[in-house]
Structure formats: structure tokens, C-alpha cells
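**Q** Here it is, the structure, as C-alpha cells.
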Amino acid sequence: MAGNTVGVTYNAAGFYAHPTATVDTGARIGAGTKIWHYCHVSDDAAIGEQCVLGQNVFVAPHVRIGSGVRIQNNVSVYQGVTLEDNVFCGPSMVFTNVLNPRAEVARKDEYTPTIVKRGATLGANCTVLCGITISEYAFIAAGAVVTRNVPAYALMMGSPAKRTGWICACGVKLGSELKCVCGRSYKLPASGRLEPAA
């Protein structure tokens with residue numbers, strides 16, 4: 001995918017890395033992905049196609065990032081974190097990977113996995129504790145602190161984050177009828193987990 005798109009020249013591997021970015025040998029980067037100023041993508045990290053990593057993003061070894069992911073400035077994606085397709089990570093949001101860190105105690109064999117599923121949004125300056133699954137199209141508000149699993153399409157706010165409503169896949173908060181201005185509609189079965197209407 002060599003070529004030039006809006007002033008960005010892709011390398012022979014099909015992705016763009018700014019001259020100040022570090023991409024370690026062994027990292028796998030998909031076609032069309034852009035890695036901006038002062039980023040570091042570690043060995044054995046895997047990033048899909050058409051992603052954007054903003055300034056000062058760190059991606060640790062063994063991290064898996066899907067396609068179409070947007071990671072804004074100053075985000076560290078630590079080992080144990082998986083981001084599925086089309087996840088949005090807002091500026092300076094925080095992942096963790098150890099439940100009880102101590103400077104004096106090495107716990108690299110105790111990383112607790114965190115999964116962010118397709119289409120979810122993690123707002124600016126929110127914090128996601130490790131060992132959590134954030135389900136499809138959930139929306140974590142700016143500054144929220146996520147301490148437990150989040151259901152699909154949930155709008156989460158506060159510290160600790162609590163569900164304050166439901167949100168459409170397009171990002172618009174749903175009213176009581178669970179119908180969105182975009183035309184999508186949803187249902188809330190007895191399970192209490194919102195899902196698209198048939």
C-alpha cells in the first residue's frame with residue numbers, strides 16, 4: 001500500500017509511523033494504520049488495519065488491537081489488554097494490569113486480562129481497572145472509574161462508574177422507548193441486557 005494519502009506516506013509494510021515513533025522489530029501493524037509522534041509499539045504487539053495512534057501512545061508486548069481502533073494522545077495500552085475492532089480510547093484514559101501493585105514486589109506473572117469489545121468508547125481521563133470486560137458499544141464517560149464488568153450499550157458515569165442509561169451503537173443516548181434517531185431500535189429482555197431489536 002505504498003503511496004501518499006493527505007500528506008502521509010505509507011511504508012512498504014502498508015502503515016505510517018512518524019519519524020519520532022518507535023516500532024519494535026516483531027510488532028505487527030495492519031495496512032493503513034497511522035502511528036503518530038513519540039509513540040512506542042513494543043515487540044509482539046499486534047495492531048489491525050486502519051487504526052490511529054495519537055501522540056505519545058504506548059502499546060506493550062503481547063497487546064492485541066483490532067482494526068479501526070482510535071487511541072488518542074497519552075494512552076498506555078498495557079500487557080493483558082485486548083481492544084477489539086472500532087474501539088475508541090479518549091485522551092489520557094488509563095488502563096491497569098495488576099490489582100495490587102507494589103514497587104518492591106514483582107508481579108509481571110500476575111497481569112489480569114482486560115477486554116474492550118467491538119465499538120466501545122472509553123472517554124477522556126477515564127480509568128479501567130484490570131480484569132474487566134467492557135462489552136460491545138458501551139460508552140464510558142469522561143473521568144469515570146470502571147471497577148466492574150460493563151454490559152453492551154451501557155452508558156457508564158461516575159466513580160465508581162454506574163450505568164446511567166443506554167446508548168445506541170451510533171453514540172446517541174437512548175430514551176425510554178429504546179429507539180434512536182438513527183433508526184436503530186433495541187429491546188431489554190428479562191436478562192436486563194440491552195440488545196438490538198430484530
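To be explicit about the labels: the chains of the C-alpha cells are called A, B, and onward in the order shown, and within each one the residues are counted from 1, while ligands get numbers from 1 in the order they are shown.
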In region 31-117 of chain A, what's strand (DSSP E or B) per DSSP? Answer as a PyMOL selection string?
**A** chain A and resi 34-35+40-41+46-47+52-53+58-59+64-65+70-71+76-77+81-83+88-89+94-95+102+105+114-116
**Q** Restrict the calculation to only C-alpha atoms, then for each residue of region 116-163 of chain A with any atom at most 12 Å from an atom of region 80-94 of chain A give the closest atom pair and their distance in Å to one decimal, rows by chain and rising residue number, as a tab-separated table.
**A**
```
residue	atom	partner	partner_atom	distance
A:Val116	CA	A:Leu83	CA	5.0
A:Lys117	CA	A:Glu84	CA	5.0
A:Arg118	CA	A:Glu84	CA	4.9
A:Gly119	CA	A:Asn86	CA	4.8
A:Ala120	CA	A:Val87	CA	5.0
A:Thr121	CA	A:Phe88	CA	4.7
A:Leu122	CA	A:Cys89	CA	4.9
A:Gly123	CA	A:Gly90	CA	4.7
A:Ala124	CA	A:Gly90	CA	4.2
A:Asn125	CA	A:Met93	CA	4.1
A:Cys126	CA	A:Met93	CA	4.8
A:Thr127	CA	A:Val94	CA	4.6
A:Val128	CA	A:Val94	CA	6.2
A:Leu129	CA	A:Val94	CA	8.4
A:Cys130	CA	A:Val81	CA	8.2
A:Gly131	CA	A:Gly80	CA	8.8
A:Ile132	CA	A:Val81	CA	9.7
A:Thr133	CA	A:Thr82	CA	9.6
A:Ile134	CA	A:Leu83	CA	9.7
A:Ser135	CA	A:Glu84	CA	10.0
A:Glu136	CA	A:Val87	CA	9.1
A:Tyr137	CA	A:Val87	CA	8.4
A:Ala138	CA	A:Val87	CA	9.8
A:Phe139	CA	A:Phe88	CA	9.5
A:Ile140	CA	A:Cys89	CA	9.7
A:Ala141	CA	A:Gly90	CA	9.7
A:Ala142	CA	A:Gly90	CA	8.1
A:Gly143	CA	A:Met93	CA	8.1
A:Ala144	CA	A:Met93	CA	9.5
A:Val145	CA	A:Val94	CA	9.4
A:Val146	CA	A:Val94	CA	10.3
```
**Q** Within 12 Å of Tyr78 (chain A), counting only C-alpha atoms, which residues show up once you throw out same-chain ones fewer than 3 positions away? Write them as an NGL selection string, please.
**A** :A and (40-42 or 45 or 57-65 or 75 or 81-83 or 94-98 or 108 or 111-115 or 128-130)
**Q** Could you turn the residues from that selection into a file that holds C-alpha atoms, as a CSV table (one decimal), in the first residue's frame?
**A**
```
chain,number,residue,atom,x,y,z
A,40,HIS,CA,6.2,3.2,21.1
A,41,VAL,CA,4.8,-0.1,19.8
A,42,SER,CA,6.5,-3.0,21.5
A,45,ALA,CA,2.2,-6.3,19.8
A,57,VAL,CA,0.8,6.3,22.9
A,58,PHE,CA,2.5,3.2,24.3
A,59,VAL,CA,1.5,-0.3,23.3
A,60,ALA,CA,3.0,-3.1,25.4
A,61,PRO,CA,4.3,-6.5,24.3
A,62,HIS,CA,1.6,-9.1,23.5
A,63,VAL,CA,-1.2,-6.5,23.3
A,64,ARG,CA,-3.9,-7.2,20.7
A,65,ILE,CA,-5.6,-4.3,19.0
A,75,VAL,CA,-2.7,6.5,26.4
A,81,VAL,CA,-5.3,-5.5,27.4
A,82,THR,CA,-7.2,-6.5,24.3
A,83,LEU,CA,-9.1,-3.9,22.2
A,94,VAL,CA,-5.9,4.8,31.8
A,95,PHE,CA,-5.7,1.0,31.7
A,96,THR,CA,-4.2,-1.0,34.6
A,97,ASN,CA,-3.0,-4.6,34.6
A,98,VAL,CA,-2.1,-5.5,38.2
A,108,LYS,CA,4.7,-9.5,36.0
A,111,TYR,CA,-1.3,-9.5,34.9
A,112,THR,CA,-5.0,-9.6,34.8
A,113,PRO,CA,-6.7,-9.5,31.4
A,114,THR,CA,-8.9,-6.7,30.3
A,115,ILE,CA,-11.1,-6.9,27.2
A,128,VAL,CA,-10.4,1.0,33.7
A,129,LEU,CA,-9.3,-1.4,36.4
A,130,CYS,CA,-7.8,-4.7,35.2
```
**Q** Which distance in Å separates CA of Gly68 (chain A) and CA of Glu49 (chain A), to one decimal?
**A**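 Separation between CA of Gly68 (chain A) and CA of Glu49 (chain A): 6.3 Å.
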**Q** With distances taken over only C-alpha atoms, which residue among A:Asp24, A:Glu104, A:Glu177, A:Asp44 lies nearest Gln79 (chain A)?
**A** A:Asp44
